[in-house]
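What follows is one structure encoded as C-alpha cells, with my remarks underneath.
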Amino acid sequence: MPATHMCYTFTHGFNAATRSHRALAFVEKYYHFARNPDFRTPANTWYAPEAIGYHTDGTLVPNNAAIIAEAKGFLKPFSWVDIDVHVIRLIPGMTVREPVVDVEDGRIVEDEERRVSGDQVLLETTTIFYLKGDGPDHHAVRVPRFVCLLIGEADGSEGTDGLQIFEAKSWWDSWILIQEMDKRKEGGEGSKKSPEFGIHHTHTEGEEVHRATSETSGLSGATVNAGYESSQNANATKTESLMKV
C-alpha cells in the first residue's frame with residue numbers, strides 16, 4: 001500500500017502556529033530573504049548544492065548556484081518584491097525521486113535517479129512586483145503564485161537552522177506581469193526586445209507572441225522562463241515554462 005502522510009493546513013500566513021514546525025519556520029526566514037535578497041549570501045545558506053528547480057515545461061535548473069543566478073537576473077527590473085502568503089500546507093516525511101544531474105555540464109544522467117526525503121511545503125501566494133522607475137501613478141503588479149518546496153536536513157554546518165531547500169517548483173501566469181511591462185514601455189511595431197526585461201515582442205498578422213528570454217527567471221526556490229501566445233480566433237493564454245522569489 002502507498003504511504004499515508006499527514007497534511008497540516010494554515011490559512012493566516014506565517015504565525016506562532018507555523019513557527020512550531022521547523023520546516024515552516026525555515027521557509028518564513030527564506031521568504032524574508034526573498035523579499036529583499038542579498039545575493040552576496042552564499043547559495044548554500046538556503047539551497048542544497050544539488051537542489052533542483054523546475055520550470056513548468058519540465059526543464060530543470062540543475063543546482064543551487066544556477067537557481068540563485070536566475071533569480072538575480074529576474075529581479076533586476078524591480079525595486080522591490082513583496083510576497084503575501086495566503087495558505088500554507090505542510091506534508092512531513094515526504095520522499096521524492098529526483099534525476100541525477102551531471103555536475104560538470106548540468107545535464108540529466110539518463111537511467112539514474114536519487115531519492116530525497118524531507119518536509120514538503122505548499123504555498124498559495126501573491127507576489128507583488130514594484131518596477132524600477134515607476135511614478136506615483138503606477139500601481140504594483142500583483143501575480144498569484146503557487147510554490148512547492150522540499151525542505152531537508154543540511155549537510156554539516158551548511159543551510160539555515162540545519163535545513164536547506166532540495167526541490168523548488170513554482171507556477172504562475174507570467175502574462176499578467178508581461179502585460180504590465182508592455183504598458184510601461186513605449187509602443188512600436190515590428191519585432192523588438194526590451195533590454196531591461198529581456199522580453200521579445202514579435203508582432204505577426206493575426207498573432208502576437210511574447211517570449212521571455214533565458215534571463216527571465218523566478219525566485220522563491222523557483223526560476224522562471226515564461227511565454228505567452230494568443231490568436232484572434234482563440235482568446236487563450238499558454239504559459240510555456242516557469243519556475244522564484
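Lettering and numbering for the C-alpha cells are positional, with chains as A, B, ... in the shown order, residues counted from 1 in each chain, and ligands counted from 1 in the shown order.
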| message | Env of Arg89 of chain A: 7 Å cut, atoms = only C-alpha atoms, seq-sep filter 4 positions within chain, self excluded. Answer as number ranges by chain. | response | A: 7-10, 121-123
Selected residues written out, N, CA and C atoms, as a short mmCIF file (atom, residue, chain, number, x, y, z; two decimals), in the first residue's frame:
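For reference, result.cif as written:
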data_model
loop_
_atom_site.label_atom_id
_atom_site.label_comp_id
_atom_site.auth_asym_id
_atom_site.auth_seq_id
_atom_site.Cartn_x
_atom_site.Cartn_y
_atom_site.Cartn_z
N CYS A 7 -1.29 16.05 6.46
CA CYS A 7 -1.18 17.36 5.83
C CYS A 7 -1.73 18.39 6.80
N TYR A 8 -0.88 19.36 7.18
CA TYR A 8 -1.29 20.44 8.07
C TYR A 8 -1.55 21.68 7.22
N THR A 9 -2.68 22.33 7.44
CA THR A 9 -3.06 23.50 6.66
C THR A 9 -3.17 24.72 7.57
N PHE A 10 -2.59 25.82 7.13
CA PHE A 10 -2.62 27.09 7.87
C PHE A 10 -3.13 28.17 6.92
N VAL A 121 6.46 21.63 1.54
CA VAL A 121 5.72 22.84 1.90
C VAL A 121 5.06 23.40 0.64
N LEU A 122 3.74 23.58 0.68
CA LEU A 122 2.97 24.11 -0.44
C LEU A 122 2.41 25.46 -0.02
N LEU A 123 2.61 26.46 -0.87
CA LEU A 123 2.21 27.82 -0.50
C LEU A 123 1.38 28.46 -1.62
#
| task | Apply DSSP to the backbone of this structure and, from segment 118-181 of chain A, keep only the residues in strand (DSSP E or B); write these as a VMD selection string. | result | chain A and resid 118 to 131 141 to 153 160 163 to 172
Near segment 28-42 of chain A, within 10 Å and counting only C-alpha atoms, which residues show up once chain neighbours fewer than 5 positions away are dropped, as JSON, numbers by chain? {"A": [13, 14, 15, 18, 19, 23, 47, 64, 65, 68, 69, 71, 72, 75, 79, 80, 81, 82, 83, 84, 85, 127, 128, 129, 158, 159, 160, 161, 164, 165, 219, 220, 221, 244, 245]}
Which residues come within 9 Å of Gly152 of chain A, counting only C-alpha atoms, excluding same-chain residues fewer than 4 positions away, as a ChimeraX atom specification? /A:23,48,116-120,162-166
Export N, CA and C atoms of the chosen residues as an mmCIF file, in the first residue's frame?
data_model
loop_
_atom_site.group_PDB
_atom_site.id
_atom_site.type_symbol
_atom_site.label_atom_id
_atom_site.label_comp_id
_atom_site.auth_asym_id
_atom_site.auth_seq_id
_atom_site.Cartn_x
_atom_site.Cartn_y
_atom_site.Cartn_z
ATOM 1 N N ALA A 23 10.299 23.153 9.575
ATOM 2 C CA ALA A 23 10.386 23.456 8.145
ATOM 3 C C ALA A 23 9.700 24.775 7.814
ATOM 4 N N ALA A 48 20.394 23.425 -0.997
ATOM 5 C CA ALA A 48 21.405 22.375 -1.010
ATOM 6 C C ALA A 48 22.192 22.469 -2.320
ATOM 7 N N VAL A 116 15.139 11.740 -2.418
ATOM 8 C CA VAL A 116 15.382 12.843 -1.487
ATOM 9 C C VAL A 116 14.210 12.912 -0.514
ATOM 10 N N SER A 117 14.519 12.959 0.765
ATOM 11 C CA SER A 117 13.479 12.991 1.793
ATOM 12 C C SER A 117 13.475 14.335 2.506
ATOM 13 N N GLY A 118 12.292 14.732 2.933
ATOM 14 C CA GLY A 118 12.158 15.983 3.666
ATOM 15 C C GLY A 118 10.699 16.310 3.890
ATOM 16 N N ASP A 119 10.443 17.528 4.304
ATOM 17 C CA ASP A 119 9.085 18.013 4.518
ATOM 18 C C ASP A 119 8.677 18.856 3.316
ATOM 19 N N GLN A 120 7.519 18.553 2.757
ATOM 20 C CA GLN A 120 7.038 19.297 1.599
ATOM 21 C C GLN A 120 6.161 20.452 2.067
ATOM 22 N N GLY A 162 20.017 24.395 10.174
ATOM 23 C CA GLY A 162 20.224 22.991 9.837
ATOM 24 C C GLY A 162 19.383 22.481 8.684
ATOM 25 N N LEU A 163 18.707 23.368 7.951
ATOM 26 C CA LEU A 163 17.832 22.956 6.857
ATOM 27 C C LEU A 163 18.224 23.639 5.550
ATOM 28 N N GLN A 164 17.824 23.018 4.436
ATOM 29 C CA GLN A 164 18.030 23.583 3.108
ATOM 30 C C GLN A 164 16.862 23.177 2.201
ATOM 31 N N ILE A 165 16.725 23.896 1.086
ATOM 32 C CA ILE A 165 15.743 23.541 0.061
ATOM 33 C C ILE A 165 16.390 22.555 -0.904
ATOM 34 N N PHE A 166 15.737 21.417 -1.148
ATOM 35 C CA PHE A 166 16.258 20.410 -2.057
ATOM 36 C C PHE A 166 15.501 20.374 -3.381
#
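Candidate residues A:Met6, A:Ala140, A:Leu150, A:Leu60 were compared for distance to Val100 of chain A, and the nearest is A:Leu60, using only C-alpha atoms.
Using only C-alpha atoms, the nearest neighbour of Asp173 of chain A within the list A:Lys185, A:His21, A:His138, A:Arg145 is A:Arg145.
Across the model, the gap from atom CA of Val101 of chain A to atom CA of Glu50 of chain A is 8.1 Å.
When atom CA of Arg107 of chain A is paired with atom CA of Met94 of chain A, their separation reads 25.2 Å.
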Give the helix (DSSP H, G or I) residues of segment 34-185 of chain A, as assigned by DSSP on the backbone, as a list in words.
-> Ala34, Arg35, Ala43, Asn44, Thr45, Asn64, Ala65, Ala66, Ile67, Ile68, Ala69, Glu70, Ala71, Lys72, Gly73, Phe74, Ser174, Trp175, Ile176, Leu177, Ile178, Gln179, Glu180, Met181, Asp182 and Lys183 of chain A
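Taking atom CA of Val147 of chain A and atom CA of Ser20 of chain A as the two end points, the separation is 20.7 Å.
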